[in-house]
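Asks: Mind having a look at this structure? Questions to follow.
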Amino acid sequence: MIASEVRGSLADALLLSRALLRHRALAVLRDIKSPQLYFVATLAGVTLFCLILAGTFIATATLQAAQAYGLLASIPAWAFLVYLFTDILIAFGQALGDLYLSRDMPILLVMPVRVPSIIAAKFVLGVVQNEVYVAVFLLPFVIGFLLASHVAWWAYVMAIVGVAAFPATLYAALVVLTIAALRIIPAKAAKETLLLVGAAVPTLFWVLSFYRVAHIGGDLASLRLPDPPKWLPSTWLGNVLSSLAAGQPLHALAWMAVLLGVTLVACPLAMAAVASGFAHGWSGAWATPSRRIRNAARALRPRLPVLWTCARKDAWIFLRTPQLWFNHIAALGFVGYLLVGHKTQTPLLPMTVQLAMVQIGFVSILAALNPGMIAISLERRCAWLMKSSPLLPKEILGAKLCVAYAQSAGIAVVGAVALGAGYHFGGLDVTALALFALLMCACGICCGILFDSAFPSFEWENPNMINRGVRMVIPFLSSLGVLALCAVALWICRLALHGAPQGAAAVCCGLAGAAAIVAIVVSASLRRASSNIEALEV
Amino acid sequence: MPAQLLAAEKLVKTFGATLAVAGADFSVYPGEIFGFLGPNGAGKTTTINMMTGLMRPTSGRTLIDGVDVACRPVEAKRLFGYVPDEPQLYGKLSALEFLNFIGDVYGLDAATRKPRILELLKIFELSGEQSHLIESYSHGMKQKVALCAALLHAPRVYFLDEPTVGLDPKSARLLKDLLRQAADAGAAVFMSTHIMEIAQALCDRVAILHHGDIVGMGSVAELRASSAEQTLEEVFLSLTGGSNHTSAPLFGRPA
Ligand SMILES: Nc1ncnc2c1ncn2[C@@H]1O[C@H](COP(=O)(O)OP(=O)(O)O)[C@@H](O)[C@H]1O
Ligand SMILES: [Mg+2]
């Protein structure tokens with residue numbers, strides 16, 4: 001029998017949070033179609049954790065040996081700041097996805113529970129999902145830093161509590177920003193605008209911050225990073241960590257009190273704000289604008305070959321879905337980061353054409369991987385059409401390749417020219433950069449498409465959700481593997497042909513070697529992808 | 001009798017331990033509308049998915065005008081039009097762009113394509129929205145666009161999975177008329193439904209599917225005669241064992 005008394009909001013919120021978390025966990029577990037895939041992904045996660053831990057430990061110990069106390073005091077805040085900016089990118093989409101665009105919202109809203117309870121449950125869900133990233137990226141950093149600083153056990157407890165509380169404030173702020181934005185920006189453009197701003201602002205912030213970091217000078221012992229903004233929770237958490245490491249527990253406690261106090265005040269306030277404006281924002285976010293295509297009658301053009309008509313369809317979808325552009329903003333942002341960090345990198349590793357080629361190769365992989373990895377999944381529940389029409393797998397694949405390559409090759413070439421200009425390279429060297437970038441684009445796209453054709457994901461609400469979680473890891477690591485092979489080829493040629501005039505011969509030979517490697521990867525992965533598409537069942 | 005246009009030969013599909021379709025075996029001839037009846041979960045969609053190449057059958061094969069769907073998929077797919085039960089289309093294209101894309105895929109030349117697309121959009125009353133993105137269409141409108149796409153290349157075989165579910169009465173009537181016209185012009189229509197009135201009024205022959213087995217097949221009159229029931233609905237219920245609802249009453253007086 002249904003209990004007749006009305007449950008308190010808090011009880012509702014607890015009940016809903018438990019249920020939502022459980023559903024999410026079950027969905028993840030029941031999604032395991034290929035145990036090997038999850039094994040590899042988990043292994044990659046654990047490896048990443050260990051690498052960050054070991055790297056932090058060694059770096060911290062080295063700085064301590066050099067008595068670089070200034071750096072030691074300022075590094076944690078910067079590390080958390082980097083995480084904060086990266087997380088804004090992820091959490092913005094998540095706030096929108098969990099609150100407004102989530103498919104269970106209509107069901108929850110017709111249930112006899114209060115809206116604030118639903119918001120609270122969704123908030124908990126969002127924060128807990130963020131904690132996964134915290135566990136993989138921040139926890140090893142914190143542990144490594146404290147291990148090298150020889151602190152007592154309670155320092156670990158304190159730091160871990162602080163790190164766990166950190167994403168809550170961030171998420172609260174983003175959720176409030178989202179709802180505020182949905183009131184200001186017309187619903188027509190809200191989804192797209194918010195996600196674009198979420199991509200562009202952190203990228204810009206990131207580049208600007210690194211500009212300041214990269215332009216500090218002096219010797220190691222007296223070096224100190226500039227102070228990051230005081231009002232950011234990442235700075236408070238950084239201060240907790242550096243105070244703990246420096247043996248100032250009272251300072252650490254004070255910063256911890258600030259962090260937890262703000263979290264405890266900010267989260268309920270944020271939830272109240274969101275709950276009060278929710279109905280408005282929700283209906284706004286759901287309204288799909290009725291967009292009219294101008295000159296649509298011209299679309300009835302004479303007959304196009306099948307591959308081109310498929311490519312035109314995919315190109316239209318790309319151009320009309322701004323969420324698909326984020327990836328490219330982030331990739332270009334990385335070029336900016338390379339340029340401003342250039343001076344600090346060069347003392348460690350002298351700048352050569354080959355090094356710049358590897359750098360732009362990495363940017364190209366960033367630009368190419370995502371378009372490749374969502375190419376098939378982008379068909380979403382329209383995959384029935386692809387499978388029931390008289391299309392050859394190679395036509396489908398060809399169209400996907402053209403569209404993905406056109407986007408990312410553009411970004412890669414622009415990036416190569418920008419990087420070459422920033423490094424004051426000559427025309428030949430810039431050409432080499434651009435050619436290598438184009439090669440690595442092809443490699444990234446093929447690795448992505450191969451994976452996507454084997455494990456397509458057709459159940460998503462916005463395209464940024466396709467690559468959530470473990471999907472990104474395997475193709476990313478395999479493209480990086482190919483990049484590493486190509487880098488080896490470049491350096492072997494450099495060493496072997498060192499005496500050649502201006503090193504042009506070395507660069508050309510290296511490029512040829514890289515092209516051979518990429519050609520093998522591309523042809524093998526495309527053959528597999530084509531047979532995967534043929535075997536795909538929808 | 002003319003040669004069959006669509007032949008399903010002992011189609012079997014298992015999902016792990018579940019047997020979804022247990023040897024569907026039937027033919028559809030030119031000029032015929034064939035109704036595939038069955039309760040929810042009987043295996044109708046799975047059968048259509050196998051016949052259209054969306055799923056591989058565990059065993060058995062499908063011939064479209066003699067062309068095996070598994071061996072020569074592209075050739076076979078050119079011969080049929082398909083409307084799924086839930087028509088999901090490219091939301092970021094307008095109806096015009098979408099139908100033009102379909103025209104390209106099926107190789108329609110510009111001269112026949114343009115008037116046909118505009119005519120289809122007009123009779124389904126979509127002309128006013130033809131330049132709007134499909135993502136803003138209602139369920140029924142999307143279904144109409146999917147129907148236009150299936151009708152566009154005037155195929156010889158039609159597969160329709162519960163085609164009237166989301167349509168308003170006027171469009172449902174229009175669809176029935178169009179299917180009859182297509183059949184009269186020599187096409188074979190295969191449609192699944194669980195709406196008895198449609199089957200009774202429209203279909204020349206029906207097959208009744210229950211737990212993946214075809215438990216009855218023939219014209220409505222034949223089925224009625226063989227089972228001594230009065231209506232197709234009674235035949236259906238007696239064959240699928242669903243008429244005796246004897247559990248405890250669910251509804252009492254509201255408290
Ligand atoms: N992809 C699938 N995986 C597992 N079982 C499925 C799948 N698709 C359908 N089934 C099962 O096959 C049976 C037939 O389903 P379906 O063909 O969709 O029925 P309907 O006649 O309602 O269209 C059902 O028991 C369903 O649970
Ligand atoms: Mg069905």
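Note on naming: chains are A, B, ... as they come in the structure tokens, residues start from 1 per chain, ligands start from 1 in the order shown.
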Kindly provide the residues of chain B that approach ligand 2 to within 9 Å, each paired with its closest atom pair and their distance in Å to one decimal, based on only C-alpha atoms and all ligand atoms, listed by chain and increasing number, as a tab-separated table.

Replies:
residue	atom	partner	partner_atom_place_in_ligand_line	distance
B:Asn40	CA	ligand 2	1 (Mg)	6.8
B:Gly41	CA	ligand 2	1 (Mg)	6.8
B:Ala42	CA	ligand 2	1 (Mg)	8.1
B:Gly43	CA	ligand 2	1 (Mg)	7.1
B:Lys44	CA	ligand 2	1 (Mg)	5.5
B:Thr45	CA	ligand 2	1 (Mg)	4.2
B:Thr46	CA	ligand 2	1 (Mg)	7.4
B:Ile48	CA	ligand 2	1 (Mg)	8.9
B:Pro84	CA	ligand 2	1 (Mg)	8.8
B:Asp85	CA	ligand 2	1 (Mg)	6.3
B:Glu86	CA	ligand 2	1 (Mg)	9.0
B:Asp161	CA	ligand 2	1 (Mg)	6.7
B:Glu162	CA	ligand 2	1 (Mg)	7.2
B:Ser192	CA	ligand 2	1 (Mg)	7.9
B:Thr193	CA	ligand 2	1 (Mg)	8.5

Asks: Could the residues in this selection be written to a file with all heavy atoms, as a CSV table (one decimal), in the first residue's frame?

Replies:
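Contents of part-v6.csv, as written:
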chain,number,residue,atom,x,y,z
B,40,ASN,N,2.3,-8.3,-28.9
B,40,ASN,CA,3.6,-7.6,-28.6
B,40,ASN,C,4.6,-8.7,-28.2
B,40,ASN,O,4.3,-9.6,-27.5
B,40,ASN,CB,3.5,-6.7,-27.4
B,40,ASN,CG,2.5,-5.5,-27.7
B,40,ASN,OD1,2.4,-5.1,-28.8
B,40,ASN,ND2,1.8,-5.0,-26.7
B,41,GLY,N,5.8,-8.6,-28.8
B,41,GLY,CA,6.8,-9.5,-28.5
B,41,GLY,C,6.7,-10.8,-29.3
B,41,GLY,O,7.5,-11.8,-29.0
B,42,ALA,N,5.8,-10.9,-30.2
B,42,ALA,CA,5.7,-12.2,-31.0
B,42,ALA,C,6.8,-12.4,-31.9
B,42,ALA,O,7.1,-13.6,-32.2
B,42,ALA,CB,4.4,-12.1,-31.8
B,43,GLY,N,7.5,-11.4,-32.3
B,43,GLY,CA,8.6,-11.6,-33.2
B,43,GLY,C,8.4,-10.9,-34.6
B,43,GLY,O,9.2,-11.2,-35.5
B,44,LYS,N,7.5,-10.0,-34.7
B,44,LYS,CA,7.2,-9.3,-36.0
B,44,LYS,C,8.3,-8.5,-36.4
B,44,LYS,O,8.8,-8.6,-37.5
B,44,LYS,CB,5.9,-8.5,-35.8
B,44,LYS,CG,4.7,-9.2,-35.4
B,44,LYS,CD,3.4,-8.4,-35.3
B,44,LYS,CE,3.5,-7.3,-34.3
B,44,LYS,NZ,3.5,-7.7,-32.9
B,45,THR,N,8.8,-7.6,-35.5
B,45,THR,CA,9.9,-6.7,-35.8
B,45,THR,C,11.1,-7.5,-36.2
B,45,THR,O,11.9,-7.1,-37.1
B,45,THR,CB,10.1,-5.7,-34.7
B,45,THR,OG1,8.9,-4.9,-34.5
B,45,THR,CG2,11.2,-4.7,-35.0
B,46,THR,N,11.4,-8.5,-35.4
B,46,THR,CA,12.6,-9.3,-35.6
B,46,THR,C,12.5,-9.9,-37.0
B,46,THR,O,13.6,-9.9,-37.7
B,46,THR,CB,12.7,-10.4,-34.5
B,46,THR,OG1,12.6,-9.8,-33.3
B,46,THR,CG2,14.0,-11.1,-34.7
B,48,ILE,N,10.9,-8.8,-39.7
B,48,ILE,CA,11.2,-7.7,-40.7
B,48,ILE,C,12.6,-7.3,-40.7
B,48,ILE,O,13.2,-7.1,-41.7
B,48,ILE,CB,10.3,-6.5,-40.4
B,48,ILE,CG1,8.8,-6.9,-40.6
B,48,ILE,CG2,10.6,-5.3,-41.3
B,48,ILE,CD1,7.8,-5.8,-40.5
B,84,PRO,N,10.3,1.6,-40.6
B,84,PRO,CA,10.5,0.9,-39.3
B,84,PRO,C,9.3,1.3,-38.3
B,84,PRO,O,8.6,2.3,-38.6
B,84,PRO,CB,11.8,1.4,-38.8
B,84,PRO,CG,12.0,2.7,-39.4
B,84,PRO,CD,11.3,2.7,-40.7
B,85,ASP,N,9.2,0.6,-37.2
B,85,ASP,CA,8.1,0.9,-36.3
B,85,ASP,C,8.4,2.2,-35.6
B,85,ASP,O,7.4,2.9,-35.3
B,85,ASP,CB,8.0,-0.2,-35.2
B,85,ASP,CG,9.3,-0.6,-34.6
B,85,ASP,OD1,10.3,-0.1,-35.0
B,85,ASP,OD2,9.2,-1.4,-33.6
B,86,GLU,N,9.6,2.6,-35.4
B,86,GLU,CA,9.9,3.9,-34.8
B,86,GLU,C,10.8,4.7,-35.7
B,86,GLU,O,12.0,4.5,-35.8
B,86,GLU,CB,10.6,3.7,-33.4
B,86,GLU,CG,9.9,4.6,-32.4
B,86,GLU,CD,10.6,4.4,-31.0
B,86,GLU,OE1,11.6,5.1,-30.8
B,86,GLU,OE2,10.2,3.5,-30.3
B,161,ASP,N,6.4,-1.7,-40.7
B,161,ASP,CA,6.3,-2.3,-39.4
B,161,ASP,C,5.3,-1.4,-38.6
B,161,ASP,O,5.6,-0.3,-38.2
B,161,ASP,CB,7.7,-2.3,-38.7
B,161,ASP,CG,7.7,-3.2,-37.5
B,161,ASP,OD1,6.6,-3.7,-37.1
B,161,ASP,OD2,8.8,-3.4,-37.0
B,162,GLU,N,4.1,-1.9,-38.4
B,162,GLU,CA,3.0,-1.2,-37.7
B,162,GLU,C,2.9,0.2,-38.2
B,162,GLU,O,3.1,1.2,-37.4
B,162,GLU,CB,3.3,-1.2,-36.2
B,162,GLU,CG,3.5,-2.7,-35.7
B,162,GLU,CD,3.4,-2.9,-34.2
B,162,GLU,OE1,3.1,-1.9,-33.5
B,162,GLU,OE2,3.5,-4.0,-33.8
B,192,SER,N,3.3,-5.4,-40.8
B,192,SER,CA,3.0,-6.0,-39.5
B,192,SER,C,2.0,-5.1,-38.8
B,192,SER,O,2.0,-3.9,-39.0
B,192,SER,CB,4.2,-6.2,-38.6
B,192,SER,OG,4.5,-5.0,-38.0
B,193,THR,N,1.1,-5.7,-38.1
B,193,THR,CA,0.1,-4.9,-37.3
B,193,THR,C,-0.5,-5.7,-36.2
B,193,THR,O,-0.4,-6.9,-36.2
B,193,THR,CB,-1.0,-4.3,-38.3
B,193,THR,OG1,-1.9,-3.5,-37.5
B,193,THR,CG2,-1.8,-5.5,-38.9

Asks: I need the residues in range 409-530 of chain A that are alpha helix (DSSP H) according to DSSP; give them as a PyMOL selection string.

Replies: chain A and resi 409-422+427-454+473-496+504-530

Asks: Within 8 Å of Gln354 in chain A, counting only C-alpha atoms, which residues show up once you throw out same-chain ones fewer than 3 positions away? Write them as a PyMOL selection string, please.

Replies: chain A and resi 357-358+487+490-491+507

Asks: Please write the residues from the selection above to a file, keeping C-alpha atoms, as an mmCIF file, in the first residue's frame.

Replies:
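Result file follows (out-v3.cif):
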data_model
loop_
_atom_site.group_PDB
_atom_site.id
_atom_site.type_symbol
_atom_site.label_atom_id
_atom_site.label_comp_id
_atom_site.auth_asym_id
_atom_site.auth_seq_id
_atom_site.Cartn_x
_atom_site.Cartn_y
_atom_site.Cartn_z
ATOM 1 C CA MET A 357 56.328 17.903 -35.958
ATOM 2 C CA VAL A 358 55.610 15.590 -33.043
ATOM 3 C CA ALA A 487 58.609 10.094 -33.919
ATOM 4 C CA LEU A 490 61.853 11.076 -37.594
ATOM 5 C CA TRP A 491 64.691 10.900 -35.067
ATOM 6 C CA VAL A 507 63.059 15.745 -42.547
#

Asks: Set the cut-off to 7 Å and count only C-alpha atoms: what are the residues of chain B that reach chain A? Output as a ChimeraX atom specification.

Replies: /B:52-55,74-75,77-78,88-90,92,96-97,100-101,104-105,109-110,114,131-133,136

Asks: Can you pull out the residues contacting Arg103 in chain A? Cut-off 12 Å, using only C-alpha atoms, and skip same-chain residues under 5 positions away; I want them as a list in words.

Replies: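 Counting only C-alpha atoms, the residues come to Leu96, Gly97, Asp98, Leu108, Leu109, Trp282, Trp286, Glu459, Trp460, Glu461 and Asn462 of chain A.
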
Asks: Residues within 10 Å of Leu120 in chain B, please, as JSON, numbers by chain. Count only C-alpha atoms; anything in the same chain fewer than 4 positions from it doesn't count.

Replies: {"B": [99, 115, 116, 124, 125, 126, 127, 144, 145, 147, 148, 149, 151, 152]}

Asks: Which neighbours of Leu324 in chain A fall inside 10 Å, counting only C-alpha atoms, when residues of the same chain fewer than 6 positions from it are skipped, and could you give them as JSON, numbers by chain?

Replies: {"A": [192, 195, 196, 317, 318, 370, 371, 374, 462, 463, 464]}

Asks: Kindly give the distance, in Å, that separates CA of Met191 in chain B and CA of Thr231 in chain B, rounded to a single decimal.

Replies: 19.9 Å

Asks: Write out as JSON, numbers by chain each polymer residue whose atoms come within 7 Å of range 202-208 of chain B, counting only C-alpha atoms; drop sequence neighbours fewer than 3 positions from it.

Replies: {"B": [32, 33, 34, 35, 36, 37, 38, 198, 199, 214, 215, 216, 217, 218, 219, 220]}
